[in-house]
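Okay, structure first, notes after.
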Amino acid sequence: MSNKWIERADKVIMNTYGRQPLVLVKGEGCRVWDEAGKEYLDFVAGLAVCNLGHAHPEIAKAAAAQLTQLVHVSNIYYTTPMVELAEALVRLSFADRVFFANSGAEANEGAIKLCRRYSREKFGPGRHRIISALNSFHGRTMGALSATGQEKFHQGFEPLLEGFKFVPFNDLGALAAAVDGSVCAVLLEPIQGEGGVCLPAADYLKDVRRLCDEKGLLLVLDEIQTGLGRTGKLFAHEHYGLKPDVMTLAKGLANGLPMGALLASEAVAGAFVPSAHASTFGAGPVIAAAAKAAVGLLSDEKLLAEVRAKGAYVQKGLSRLQGKFPAIKEVRGLGLIWGLELDQEGAPVVAACRERGLLLNCTQGNVIRLLPPLIVGMEELDRGLAILEEALGLL
Ligand SMILES: *Cc1c(COP(=O)(O)O)cnc(C)c1O
């Protein structure tokens with residue numbers, strides 16, 4: 001693929017991504033355009049970031065108004081958008097308090113620090129370990145990476161941060177066996193996203209909650225990918241009948257502007273005191289204003305009910321494809337996060353879809369992941385599924 005932008009990029013940008021050969025210049029709703037003017041249906045949505053679609057007018061308006069009002073003053077002062085955003089998140093969740101960061105990894109770093117500090121205050125030193133799941137993904141900074149249960153992401157970066165143990169997801173016995181006096185918390189994604197859209201067994205998360213209560217452990221849910229409406233509830237754990245002590249958010253929080261958040265109950269949040277933790281850009285007024293608009297729209301019960309209905313529709317469509325193509329081993333998902341596990345590499349399917357005007361993502365080498373904007377229309381779902389069917393037919 002010869003393209004002047006790609007040639008230039010490949011000379012000056014670090015080679016950390018297996019990028020698709022696409023230079024995107026514009027987006028609106030569920031569609032994006034490349035620099036040659038070709039239109040694509042976007043079922044990646046910035047990897048579960050643009051949940052309200054591209055260029056949402058209300059979010060653009062909120063951010064633009066704030067840009068000419070006040071952009072940055074530092075967290076040594078109060079600003080109004082951060083207060084309104086935190087109030088909304090507290091009203092809409094189990095949490096009592098929020099700390100704002102700029103990314104998912106940074107939110108998880110905050111969660112790790114909060115758990116350690118809370119536990120040290122409550123139980124004394126030596127109880128600092130966090131158990132997380134194999135096949136998990138929690139981010140790329142050293143702490144979040146150390147919490148990530150996939151060796152391929154660790155390679156070459158050792159030594160990792162000390163204090164993490166991994167157990168298989170959905171295995172309560174293994175989790176119970178891993179708990180000892182050195183453990184302070186359990187960190188899980190309710191649905192493993194990057195790991196291939198792996199769902200929890202029906203009672204798994206509730207059982208983990210009970211175990212944490214019995215052992216005095218904090219339950220931290222990483223809802224960075226599953227939160228903010230993606231599964232048809234504002235937070236995925238609402239499907240499973242439990243509440244965490246700590247939750248991290250990012251991706252969809254400001255619908256494309258960078259923001260992360262760490263939410264906790266009053267008792268746990270109390271471990272953070274002045275100067276215990278900080279972030280220069282956290283909850284800057286522009287991002288917070290955008291996030292406040294996004295959270296307002298994403299928490300609308302009508303939108304969430306539509307996501308659940310669209311999810312059922314996608315499930316039907318994908319199950320039909322599974323019946324037609326033996327290459328599909330499994331169809332997994334909830335709301336508008338879906339994975340299609342193939343018995344072979346998924347890259348050719350992604351490429352064939354792209355050529356036909358549909359953007360999809362492949363994770364774990366063989367899981368085609370669908371993350372359309374939550375505002376996707378039924379006819380857009382039909383068109384996307386038809387292109388996917390055509391692409392699978394080429395295998
Ligand atoms: C994307 C993701 C992260 C990392 O977020 P960044 O903003 O890229 O740091 C962490 N956890 C989960 C579950 C994610 O999907």
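FYI, nothing fancy with the structure tokens labels: chains A, B, ... in order, residues from 1 per chain, ligands from 1 as they appear.
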Please, which residues have at least one atom within 7 Å of an atom of ligand 1, using only C-alpha atoms and all ligand atoms, listed as a PDB file with N, CA and C atoms, in the first residue's frame?
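The resulting result.pdb:
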```pdb
ATOM      1  N   SER A 103      -6.340   8.523  31.427  1.00  0.00           N
ATOM      2  CA  SER A 103      -6.354   7.318  30.601  1.00  0.00           C
ATOM      3  C   SER A 103      -6.771   6.147  31.470  1.00  0.00           C
ATOM      4  N   GLY A 104      -6.994   5.014  30.815  1.00  0.00           N
ATOM      5  CA  GLY A 104      -7.348   3.811  31.549  1.00  0.00           C
ATOM      6  C   GLY A 104      -6.199   3.330  32.420  1.00  0.00           C
ATOM      7  N   ALA A 105      -5.009   3.288  31.829  1.00  0.00           N
ATOM      8  CA  ALA A 105      -3.846   2.826  32.595  1.00  0.00           C
ATOM      9  C   ALA A 105      -3.654   3.686  33.837  1.00  0.00           C
ATOM     10  N   GLU A 106      -3.804   4.981  33.664  1.00  0.00           N
ATOM     11  CA  GLU A 106      -3.587   5.883  34.807  1.00  0.00           C
ATOM     12  C   GLU A 106      -4.669   5.689  35.873  1.00  0.00           C
ATOM     13  N   PHE A 137      -6.507  -7.509  30.673  1.00  0.00           N
ATOM     14  CA  PHE A 137      -5.788  -6.344  30.144  1.00  0.00           C
ATOM     15  C   PHE A 137      -6.118  -5.131  30.992  1.00  0.00           C
ATOM     16  N   HIS A 138      -5.062  -4.513  31.567  1.00  0.00           N
ATOM     17  CA  HIS A 138      -5.306  -3.356  32.426  1.00  0.00           C
ATOM     18  C   HIS A 138      -4.500  -2.126  32.036  1.00  0.00           C
ATOM     19  N   GLY A 139      -3.719  -2.198  30.951  1.00  0.00           N
ATOM     20  CA  GLY A 139      -2.994  -1.011  30.496  1.00  0.00           C
ATOM     21  C   GLY A 139      -1.502  -1.242  30.396  1.00  0.00           C
ATOM     22  N   ARG A 140      -0.779  -0.215  29.938  1.00  0.00           N
ATOM     23  CA  ARG A 140       0.617  -0.376  29.529  1.00  0.00           C
ATOM     24  C   ARG A 140       1.637   0.293  30.430  1.00  0.00           C
ATOM     25  N   GLU A 189     -11.761  -7.451  35.037  1.00  0.00           N
ATOM     26  CA  GLU A 189     -12.686  -6.855  34.065  1.00  0.00           C
ATOM     27  C   GLU A 189     -13.969  -7.686  34.157  1.00  0.00           C
ATOM     28  N   GLN A 192     -13.779  -9.685  29.802  1.00  0.00           N
ATOM     29  CA  GLN A 192     -12.436  -9.428  29.289  1.00  0.00           C
ATOM     30  C   GLN A 192     -12.534  -8.986  27.829  1.00  0.00           C
ATOM     31  N   GLY A 193     -12.195  -7.741  27.573  1.00  0.00           N
ATOM     32  CA  GLY A 193     -12.362  -7.171  26.234  1.00  0.00           C
ATOM     33  C   GLY A 193     -11.212  -7.522  25.318  1.00  0.00           C
ATOM     34  N   GLU A 194     -10.039  -6.959  25.610  1.00  0.00           N
ATOM     35  CA  GLU A 194      -8.856  -7.233  24.788  1.00  0.00           C
ATOM     36  C   GLU A 194      -8.568  -8.721  24.767  1.00  0.00           C
ATOM     37  N   ASP A 222     -12.402  -3.258  36.630  1.00  0.00           N
ATOM     38  CA  ASP A 222     -11.900  -2.437  35.532  1.00  0.00           C
ATOM     39  C   ASP A 222     -12.995  -2.410  34.470  1.00  0.00           C
ATOM     40  N   GLU A 223     -13.764  -1.314  34.474  1.00  0.00           N
ATOM     41  CA  GLU A 223     -14.864  -1.154  33.501  1.00  0.00           C
ATOM     42  C   GLU A 223     -14.476  -0.164  32.411  1.00  0.00           C
ATOM     43  N   ILE A 224     -13.179  -0.122  32.137  1.00  0.00           N
ATOM     44  CA  ILE A 224     -12.679   0.848  31.164  1.00  0.00           C
ATOM     45  C   ILE A 224     -13.274   0.595  29.775  1.00  0.00           C
ATOM     46  N   GLN A 225     -13.425  -0.679  29.424  1.00  0.00           N
ATOM     47  CA  GLN A 225     -14.007  -1.011  28.121  1.00  0.00           C
ATOM     48  C   GLN A 225     -15.508  -1.322  28.222  1.00  0.00           C
ATOM     49  N   ALA A 250     -12.588   4.802  31.684  1.00  0.00           N
ATOM     50  CA  ALA A 250     -11.800   5.672  30.799  1.00  0.00           C
ATOM     51  C   ALA A 250     -12.498   5.666  29.440  1.00  0.00           C
ATOM     52  N   LYS A 251     -11.892   5.020  28.470  1.00  0.00           N
ATOM     53  CA  LYS A 251     -12.387   4.947  27.087  1.00  0.00           C
ATOM     54  C   LYS A 251     -13.587   5.861  26.754  1.00  0.00           C
TER      55      LYS A 251
END
```
I'd like the neighbourhood of A:Ala276 as a list in words, where a residue qualifies if any of its atoms comes within 10 Å (using only C-alpha atoms), though same-chain residues fewer than 2 positions away should be ignored.
Lys113, Leu114, Arg117, Ala271, Phe272, Val273, Pro274 and Ala278 of chain A
Contacts of stretch 126-129 of chain A at 10 Å or less, counting only C-alpha atoms, minus same-chain residues fewer than 2 places along, as a JSON list (two decimals) with N, CA, C and O atoms, in the first residue's frame?
```json
[["chain", "number", "residue", "atom", "x", "y", "z"],
["A", 112, "ILE", "N", -4.53, 0.73, 42.02],
["A", 112, "ILE", "CA", -3.51, -0.09, 42.69],
["A", 112, "ILE", "C", -2.99, 0.65, 43.92],
["A", 112, "ILE", "O", -2.89, 0.08, 45.02],
["A", 113, "LYS", "N", -2.68, 1.93, 43.74],
["A", 113, "LYS", "CA", -2.19, 2.72, 44.88],
["A", 113, "LYS", "C", -3.23, 2.83, 45.98],
["A", 113, "LYS", "O", -2.92, 2.70, 47.17],
["A", 115, "CYS", "N", -5.72, 0.76, 46.71],
["A", 115, "CYS", "CA", -5.89, -0.52, 47.42],
["A", 115, "CYS", "C", -4.75, -0.76, 48.39],
["A", 115, "CYS", "O", -4.96, -1.19, 49.53],
["A", 116, "ARG", "N", -3.53, -0.51, 47.94],
["A", 116, "ARG", "CA", -2.38, -0.73, 48.82],
["A", 116, "ARG", "C", -2.45, 0.17, 50.04],
["A", 116, "ARG", "O", -2.22, -0.27, 51.17],
["A", 117, "ARG", "N", -2.76, 1.42, 49.82],
["A", 117, "ARG", "CA", -2.76, 2.37, 50.93],
["A", 117, "ARG", "C", -3.89, 2.09, 51.91],
["A", 117, "ARG", "O", -3.71, 2.14, 53.13],
["A", 118, "TYR", "N", -5.06, 1.77, 51.37],
["A", 118, "TYR", "CA", -6.21, 1.44, 52.23],
["A", 118, "TYR", "C", -5.86, 0.23, 53.10],
["A", 118, "TYR", "O", -6.10, 0.21, 54.30],
["A", 119, "SER", "N", -5.31, -0.78, 52.45],
["A", 119, "SER", "CA", -5.01, -2.01, 53.16],
["A", 119, "SER", "C", -3.94, -1.80, 54.22],
["A", 119, "SER", "O", -4.01, -2.35, 55.33],
["A", 120, "ARG", "N", -2.96, -0.99, 53.89],
["A", 120, "ARG", "CA", -1.88, -0.74, 54.86],
["A", 120, "ARG", "C", -2.42, -0.02, 56.09],
["A", 120, "ARG", "O", -2.06, -0.33, 57.22],
["A", 122, "LYS", "N", -5.50, -0.12, 57.15],
["A", 122, "LYS", "CA", -6.47, -0.94, 57.88],
["A", 122, "LYS", "C", -5.82, -2.16, 58.54],
["A", 122, "LYS", "O", -6.18, -2.54, 59.64],
["A", 123, "PHE", "N", -4.86, -2.78, 57.83],
["A", 123, "PHE", "CA", -4.32, -4.06, 58.31],
["A", 123, "PHE", "C", -2.83, -4.02, 58.64],
["A", 123, "PHE", "O", -2.27, -5.00, 59.10],
["A", 124, "GLY", "N", -2.17, -2.91, 58.33],
["A", 124, "GLY", "CA", -0.72, -2.85, 58.55],
["A", 124, "GLY", "C", 0.05, -3.33, 57.33],
["A", 124, "GLY", "O", -0.55, -3.73, 56.33],
["A", 131, "ILE", "N", -4.72, -9.78, 43.26],
["A", 131, "ILE", "CA", -4.94, -10.92, 42.37],
["A", 131, "ILE", "C", -5.72, -10.44, 41.16],
["A", 131, "ILE", "O", -6.76, -9.80, 41.30],
["A", 132, "SER", "N", -5.22, -10.73, 39.97],
["A", 132, "SER", "CA", -6.00, -10.42, 38.77],
["A", 132, "SER", "C", -6.06, -11.68, 37.91],
["A", 132, "SER", "O", -5.57, -12.74, 38.31],
["A", 162, "GLU", "N", 6.36, -5.64, 41.68],
["A", 162, "GLU", "CA", 6.10, -6.79, 42.54],
["A", 162, "GLU", "C", 4.69, -6.69, 43.12],
["A", 162, "GLU", "O", 4.16, -5.60, 43.31],
["A", 163, "GLY", "N", 4.05, -7.82, 43.38],
["A", 163, "GLY", "CA", 2.80, -7.77, 44.13],
["A", 163, "GLY", "C", 1.56, -8.13, 43.35],
["A", 163, "GLY", "O", 0.46, -7.70, 43.71],
["A", 164, "PHE", "N", 1.71, -8.92, 42.28],
["A", 164, "PHE", "CA", 0.53, -9.37, 41.52],
["A", 164, "PHE", "C", 0.56, -10.88, 41.36],
["A", 164, "PHE", "O", 1.62, -11.48, 41.22],
["A", 165, "LYS", "N", -0.62, -11.47, 41.43],
["A", 165, "LYS", "CA", -0.77, -12.91, 41.19],
["A", 165, "LYS", "C", -1.89, -13.06, 40.18],
["A", 165, "LYS", "O", -2.84, -12.29, 40.19],
["A", 179, "VAL", "N", -5.71, -16.69, 47.67],
["A", 179, "VAL", "CA", -5.81, -15.69, 48.74],
["A", 179, "VAL", "C", -4.98, -16.13, 49.95],
["A", 179, "VAL", "O", -5.12, -17.25, 50.43],
["A", 180, "ASP", "N", -4.08, -15.26, 50.38],
["A", 180, "ASP", "CA", -3.38, -15.49, 51.64],
["A", 180, "ASP", "C", -3.22, -14.14, 52.33],
["A", 180, "ASP", "O", -3.79, -13.14, 51.86],
["A", 181, "GLY", "N", -2.48, -14.11, 53.40],
["A", 181, "GLY", "CA", -2.36, -12.89, 54.19],
["A", 181, "GLY", "C", -1.66, -11.73, 53.49],
["A", 181, "GLY", "O", -1.63, -10.62, 54.03],
["A", 182, "SER", "N", -1.11, -11.98, 52.29],
["A", 182, "SER", "CA", -0.42, -10.90, 51.57],
["A", 182, "SER", "C", -1.33, -10.18, 50.58],
["A", 182, "SER", "O", -0.92, -9.24, 49.93],
["A", 183, "VAL", "N", -2.57, -10.67, 50.46],
["A", 183, "VAL", "CA", -3.46, -10.15, 49.40],
["A", 183, "VAL", "C", -4.38, -9.07, 49.95],
["A", 183, "VAL", "O", -4.98, -9.23, 51.02],
["A", 184, "CYS", "N", -4.50, -7.97, 49.20],
["A", 184, "CYS", "CA", -5.40, -6.89, 49.62],
["A", 184, "CYS", "C", -6.59, -6.71, 48.70],
["A", 184, "CYS", "O", -7.59, -6.12, 49.10],
["A", 185, "ALA", "N", -6.50, -7.18, 47.45],
["A", 185, "ALA", "CA", -7.59, -6.88, 46.50],
["A", 185, "ALA", "C", -7.63, -7.87, 45.36],
["A", 185, "ALA", "O", -6.65, -8.56, 45.06],
["A", 186, "VAL", "N", -8.80, -7.91, 44.72],
["A", 186, "VAL", "CA", -9.00, -8.66, 43.48],
["A", 186, "VAL", "C", -9.38, -7.65, 42.41],
["A", 186, "VAL", "O", -10.25, -6.81, 42.62]]
```
Please, which residues of stretch 93-279 of chain A, numbered as in this document, come out alpha helix (DSSP H) from DSSP, as a ChimeraX atom specification?
/A:104-123,142-146,151-154,172-178,204-215,266-269
Between atom CA of A:Glu390 and atom CA of A:Ile191, measure the distance and give it in Å to one decimal.
28.4 Å
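Take atom CA of A:Leu92 and atom CA of A:Leu234: the distance between them is 8.2 Å.
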Could you go through stretch 85-296 of chain A and tell me which residues DSSP, when run on the backbone, assigns to strand (DSSP E), listing them as a count of residues only?
34
Point-to-point distance in Å for atom CA of A:Leu358 and atom CA of A:Ala45
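Those two atoms sit 11.5 Å apart.
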Spatial neighbours of A:Ala291, max dist 9 Å, only C-alpha atoms, sep filter under 4 positions, as a ChimeraX atom specification
/A:59,62-63,81,85,252-255,257,259,286-287,295-296
Store the residues picked out above, limited to N, CA, C and O atoms, as a PDB file, in the first residue's frame.
```
ATOM      1  N   ILE A  59     -21.550  17.119  22.530  1.00  0.00           N
ATOM      2  CA  ILE A  59     -20.240  17.033  23.180  1.00  0.00           C
ATOM      3  C   ILE A  59     -19.304  18.093  22.600  1.00  0.00           C
ATOM      4  O   ILE A  59     -18.579  18.771  23.331  1.00  0.00           O
ATOM      5  N   ALA A  62     -20.285  21.402  24.163  1.00  0.00           N
ATOM      6  CA  ALA A  62     -19.850  21.550  25.558  1.00  0.00           C
ATOM      7  C   ALA A  62     -18.350  21.832  25.628  1.00  0.00           C
ATOM      8  O   ALA A  62     -17.901  22.714  26.373  1.00  0.00           O
ATOM      9  N   ALA A  63     -17.572  21.089  24.833  1.00  0.00           N
ATOM     10  CA  ALA A  63     -16.114  21.277  24.862  1.00  0.00           C
ATOM     11  C   ALA A  63     -15.744  22.639  24.282  1.00  0.00           C
ATOM     12  O   ALA A  63     -14.887  23.345  24.833  1.00  0.00           O
ATOM     13  N   PRO A  81     -16.772  22.261  36.079  1.00  0.00           N
ATOM     14  CA  PRO A  81     -17.160  21.040  35.340  1.00  0.00           C
ATOM     15  C   PRO A  81     -16.795  19.761  36.088  1.00  0.00           C
ATOM     16  O   PRO A  81     -17.532  18.774  36.060  1.00  0.00           O
ATOM     17  N   LEU A  85     -19.389  16.739  37.010  1.00  0.00           N
ATOM     18  CA  LEU A  85     -19.122  15.392  36.485  1.00  0.00           C
ATOM     19  C   LEU A  85     -19.028  14.379  37.624  1.00  0.00           C
ATOM     20  O   LEU A  85     -19.619  13.297  37.560  1.00  0.00           O
ATOM     21  N   GLY A 252     -14.815   5.423  27.020  1.00  0.00           N
ATOM     22  CA  GLY A 252     -15.967   6.198  26.564  1.00  0.00           C
ATOM     23  C   GLY A 252     -16.308   7.426  27.395  1.00  0.00           C
ATOM     24  O   GLY A 252     -17.251   8.143  27.079  1.00  0.00           O
ATOM     25  N   LEU A 253     -15.539   7.678  28.440  1.00  0.00           N
ATOM     26  CA  LEU A 253     -15.958   8.677  29.434  1.00  0.00           C
ATOM     27  C   LEU A 253     -16.154  10.073  28.841  1.00  0.00           C
ATOM     28  O   LEU A 253     -17.099  10.768  29.206  1.00  0.00           O
ATOM     29  N   ALA A 254     -15.274  10.501  27.954  1.00  0.00           N
ATOM     30  CA  ALA A 254     -15.442  11.820  27.329  1.00  0.00           C
ATOM     31  C   ALA A 254     -15.645  11.673  25.823  1.00  0.00           C
ATOM     32  O   ALA A 254     -15.420  12.614  25.066  1.00  0.00           O
ATOM     33  N   ASN A 255     -16.093  10.485  25.404  1.00  0.00           N
ATOM     34  CA  ASN A 255     -16.444  10.181  24.009  1.00  0.00           C
ATOM     35  C   ASN A 255     -15.339  10.501  23.008  1.00  0.00           C
ATOM     36  O   ASN A 255     -15.607  10.864  21.862  1.00  0.00           O
ATOM     37  N   LEU A 257     -12.270  12.372  23.927  1.00  0.00           N
ATOM     38  CA  LEU A 257     -11.236  13.151  24.586  1.00  0.00           C
ATOM     39  C   LEU A 257     -10.673  12.291  25.725  1.00  0.00           C
ATOM     40  O   LEU A 257     -11.379  11.457  26.275  1.00  0.00           O
ATOM     41  N   MET A 259      -9.799  10.859  29.081  1.00  0.00           N
ATOM     42  CA  MET A 259     -10.126  10.986  30.497  1.00  0.00           C
ATOM     43  C   MET A 259     -10.229   9.605  31.129  1.00  0.00           C
ATOM     44  O   MET A 259     -10.773   8.680  30.519  1.00  0.00           O
ATOM     45  N   VAL A 286     -12.120  21.434  30.065  1.00  0.00           N
ATOM     46  CA  VAL A 286     -12.655  21.117  28.730  1.00  0.00           C
ATOM     47  C   VAL A 286     -13.092  19.653  28.669  1.00  0.00           C
ATOM     48  O   VAL A 286     -14.211  19.334  28.233  1.00  0.00           O
ATOM     49  N   ILE A 287     -12.203  18.774  29.148  1.00  0.00           N
ATOM     50  CA  ILE A 287     -12.521  17.351  29.107  1.00  0.00           C
ATOM     51  C   ILE A 287     -13.683  17.055  30.044  1.00  0.00           C
ATOM     52  O   ILE A 287     -14.569  16.252  29.724  1.00  0.00           O
ATOM     53  N   VAL A 295     -21.710  11.598  29.770  1.00  0.00           N
ATOM     54  CA  VAL A 295     -22.316  10.768  30.820  1.00  0.00           C
ATOM     55  C   VAL A 295     -23.822  11.018  30.883  1.00  0.00           C
ATOM     56  O   VAL A 295     -24.616  10.089  31.051  1.00  0.00           O
ATOM     57  N   GLY A 296     -24.225  12.265  30.687  1.00  0.00           N
ATOM     58  CA  GLY A 296     -25.651  12.593  30.669  1.00  0.00           C
ATOM     59  C   GLY A 296     -26.377  11.814  29.575  1.00  0.00           C
ATOM     60  O   GLY A 296     -27.449  11.232  29.805  1.00  0.00           O
TER      61      GLY A 296
END
```
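Among the candidates A:Gly365, A:Pro21, A:Pro373, A:Pro168, the residue lying nearest to A:Gly149 is A:Pro168 (atoms considered: only C-alpha atoms).
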I want to know what sits within 7 Å of A:Val44, based on only C-alpha atoms, with residues of the same chain fewer than 4 positions away left out; could you give that as a list in words?
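Near A:Val44, the qualifying residues are Ala48, Leu359, Leu360, Asn361, Leu370, Leu371 and Pro372 of chain A.
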Got time to write the residues from that selection, N, CA and C atoms, as a PDB file, in the first residue's frame?
```
ATOM      1  N   ALA A  48     -14.110   1.198  21.503  1.00  0.00           N
ATOM      2  CA  ALA A  48     -15.087   1.420  22.587  1.00  0.00           C
ATOM      3  C   ALA A  48     -14.949   2.785  23.242  1.00  0.00           C
ATOM      4  N   LEU A 359     -15.161  -1.163   9.166  1.00  0.00           N
ATOM      5  CA  LEU A 359     -14.025  -1.271  10.080  1.00  0.00           C
ATOM      6  C   LEU A 359     -14.377  -2.161  11.262  1.00  0.00           C
ATOM      7  N   LEU A 360     -13.537  -3.165  11.479  1.00  0.00           N
ATOM      8  CA  LEU A 360     -13.646  -4.101  12.590  1.00  0.00           C
ATOM      9  C   LEU A 360     -12.262  -4.248  13.179  1.00  0.00           C
ATOM     10  N   ASN A 361     -12.194  -4.851  14.354  1.00  0.00           N
ATOM     11  CA  ASN A 361     -10.909  -5.052  14.996  1.00  0.00           C
ATOM     12  C   ASN A 361     -10.738  -6.540  15.264  1.00  0.00           C
ATOM     13  N   LEU A 370     -16.418  -6.680  17.575  1.00  0.00           N
ATOM     14  CA  LEU A 370     -17.332  -5.643  17.098  1.00  0.00           C
ATOM     15  C   LEU A 370     -17.664  -4.715  18.261  1.00  0.00           C
ATOM     16  N   LEU A 371     -17.376  -3.432  18.070  1.00  0.00           N
ATOM     17  CA  LEU A 371     -17.655  -2.421  19.094  1.00  0.00           C
ATOM     18  C   LEU A 371     -18.296  -1.201  18.436  1.00  0.00           C
ATOM     19  N   PRO A 372     -19.462  -1.375  17.819  1.00  0.00           N
ATOM     20  CA  PRO A 372     -20.046  -0.225  17.109  1.00  0.00           C
ATOM     21  C   PRO A 372     -20.432   0.877  18.088  1.00  0.00           C
TER      22      PRO A 372
END
```
As a list in words, please: the residues near A:Ser74 (cut-off 10 Å, only C-alpha atoms, same-chain neighbours under 3 positions excluded).
Val71, Tyr77, Tyr78, Thr79, Ser279, Thr280, Phe281, Gly282, Ala283, Gly284 and Pro285 of chain A
Please list as a CSV table (one decimal) with N, CA and C atoms, in the first residue's frame every residue within 12 Å of stretch 12-18 of chain A, counting only C-alpha atoms and excluding residues in the same chain fewer than 3 positions away.
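Wrote it out as selection.csv, contents follow:
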```
chain,number,residue,atom,x,y,z
A,5,TRP,N,1.1,9.6,3.3
A,5,TRP,CA,1.0,9.8,4.8
A,5,TRP,C,1.6,8.6,5.6
A,6,ILE,N,1.3,7.4,5.0
A,6,ILE,CA,1.7,6.2,5.7
A,6,ILE,C,3.3,6.1,5.6
A,7,GLU,N,3.8,6.4,4.4
A,7,GLU,CA,5.3,6.4,4.3
A,7,GLU,C,5.9,7.4,5.2
A,8,ARG,N,5.4,8.6,5.4
A,8,ARG,CA,5.9,9.6,6.3
A,8,ARG,C,5.8,9.2,7.7
A,9,ALA,N,4.6,8.7,8.1
A,9,ALA,CA,4.4,8.2,9.5
A,9,ALA,C,5.4,7.1,9.8
A,21,PRO,N,-3.8,0.1,7.2
A,21,PRO,CA,-3.3,1.1,6.2
A,21,PRO,C,-4.4,2.1,5.8
A,22,LEU,N,-4.8,2.9,6.8
A,22,LEU,CA,-5.9,3.8,6.6
A,22,LEU,C,-5.5,5.2,7.2
A,140,ARG,N,-0.8,-0.2,29.9
A,140,ARG,CA,0.6,-0.4,29.5
A,140,ARG,C,1.6,0.3,30.4
A,153,PHE,N,2.7,-9.2,26.8
A,153,PHE,CA,2.8,-7.8,27.0
A,153,PHE,C,3.9,-7.5,28.0
A,347,ALA,N,-7.1,-11.6,10.7
A,347,ALA,CA,-6.6,-10.4,10.0
A,347,ALA,C,-7.2,-10.4,8.5
A,361,ASN,N,-12.2,-4.9,14.4
A,361,ASN,CA,-10.9,-5.1,15.0
A,361,ASN,C,-10.7,-6.5,15.3
A,362,CYS,N,-9.5,-7.0,15.3
A,362,CYS,CA,-9.2,-8.4,15.6
A,362,CYS,C,-8.3,-8.4,16.9
A,363,THR,N,-8.7,-9.2,17.9
A,363,THR,CA,-7.9,-9.2,19.1
A,363,THR,C,-7.5,-10.7,19.3
A,365,GLY,N,-5.5,-12.4,17.9
A,365,GLY,CA,-5.1,-13.1,16.7
A,365,GLY,C,-6.3,-13.7,15.9
```
Against stretch 203-221 of chain A, which residues of stretch 256-347 of chain A fall within 12 Å? For each one I want the closest pair of atoms and the distance in Å (one decimal), counting only C-alpha atoms, rows by chain and increasing residue number, as a Markdown table.
```
| residue | atom | partner | partner_atom | distance |
| --- | --- | --- | --- | --- |
| A:Leu262 | CA | A:Val220 | CA | 9.9 |
| A:Leu263 | CA | A:Val220 | CA | 9.6 |
| A:Ala264 | CA | A:Val220 | CA | 9.0 |
| A:Ser265 | CA | A:Leu218 | CA | 10.5 |
| A:Ala267 | CA | A:Leu218 | CA | 11.0 |
| A:Val268 | CA | A:Leu218 | CA | 8.6 |
| A:Ala269 | CA | A:Leu218 | CA | 11.7 |
```
Would you mind exporting all heavy atoms of the selected residues as an mmCIF file, in the first residue's frame?
```cif
data_model
loop_
_atom_site.group_PDB
_atom_site.id
_atom_site.type_symbol
_atom_site.label_atom_id
_atom_site.label_comp_id
_atom_site.auth_asym_id
_atom_site.auth_seq_id
_atom_site.Cartn_x
_atom_site.Cartn_y
_atom_site.Cartn_z
ATOM 1 N N LEU A 262 -11.280 7.036 38.627
ATOM 2 C CA LEU A 262 -11.186 6.015 39.663
ATOM 3 C C LEU A 262 -12.307 6.320 40.646
ATOM 4 O O LEU A 262 -12.381 7.425 41.179
ATOM 5 C CB LEU A 262 -9.814 6.154 40.335
ATOM 6 C CG LEU A 262 -9.569 5.466 41.669
ATOM 7 C CD1 LEU A 262 -9.673 3.962 41.525
ATOM 8 C CD2 LEU A 262 -8.176 5.855 42.170
ATOM 9 N N LEU A 263 -13.212 5.368 40.823
ATOM 10 C CA LEU A 263 -14.368 5.579 41.692
ATOM 11 C C LEU A 263 -14.278 4.626 42.874
ATOM 12 O O LEU A 263 -13.866 3.469 42.706
ATOM 13 C CB LEU A 263 -15.675 5.315 40.938
ATOM 14 C CG LEU A 263 -16.106 6.352 39.885
ATOM 15 C CD1 LEU A 263 -15.292 6.221 38.610
ATOM 16 C CD2 LEU A 263 -17.593 6.233 39.572
ATOM 17 N N ALA A 264 -14.683 5.088 44.045
ATOM 18 C CA ALA A 264 -14.603 4.228 45.226
ATOM 19 C C ALA A 264 -15.659 4.616 46.250
ATOM 20 O O ALA A 264 -16.178 5.738 46.236
ATOM 21 C CB ALA A 264 -13.212 4.319 45.857
ATOM 22 N N SER A 265 -15.932 3.660 47.125
ATOM 23 C CA SER A 265 -16.815 3.926 48.257
ATOM 24 C C SER A 265 -16.111 4.891 49.214
ATOM 25 O O SER A 265 -14.890 5.042 49.181
ATOM 26 C CB SER A 265 -17.132 2.614 48.967
ATOM 27 O OG SER A 265 -15.931 2.082 49.502
ATOM 28 N N ALA A 267 -15.479 4.693 52.399
ATOM 29 C CA ALA A 267 -14.506 4.088 53.314
ATOM 30 C C ALA A 267 -13.160 3.885 52.623
ATOM 31 O O ALA A 267 -12.107 4.167 53.192
ATOM 32 C CB ALA A 267 -15.036 2.749 53.829
ATOM 33 N N VAL A 268 -13.200 3.402 51.382
ATOM 34 C CA VAL A 268 -11.952 3.117 50.670
ATOM 35 C C VAL A 268 -11.290 4.412 50.209
ATOM 36 O O VAL A 268 -10.075 4.599 50.347
ATOM 37 C CB VAL A 268 -12.230 2.174 49.478
ATOM 38 C CG1 VAL A 268 -10.948 1.912 48.705
ATOM 39 C CG2 VAL A 268 -12.828 0.864 49.983
ATOM 40 N N ALA A 269 -12.098 5.324 49.693
ATOM 41 C CA ALA A 269 -11.557 6.592 49.172
ATOM 42 C C ALA A 269 -10.835 7.379 50.260
ATOM 43 O O ALA A 269 -9.931 8.165 49.968
ATOM 44 C CB ALA A 269 -12.686 7.433 48.567
#
```
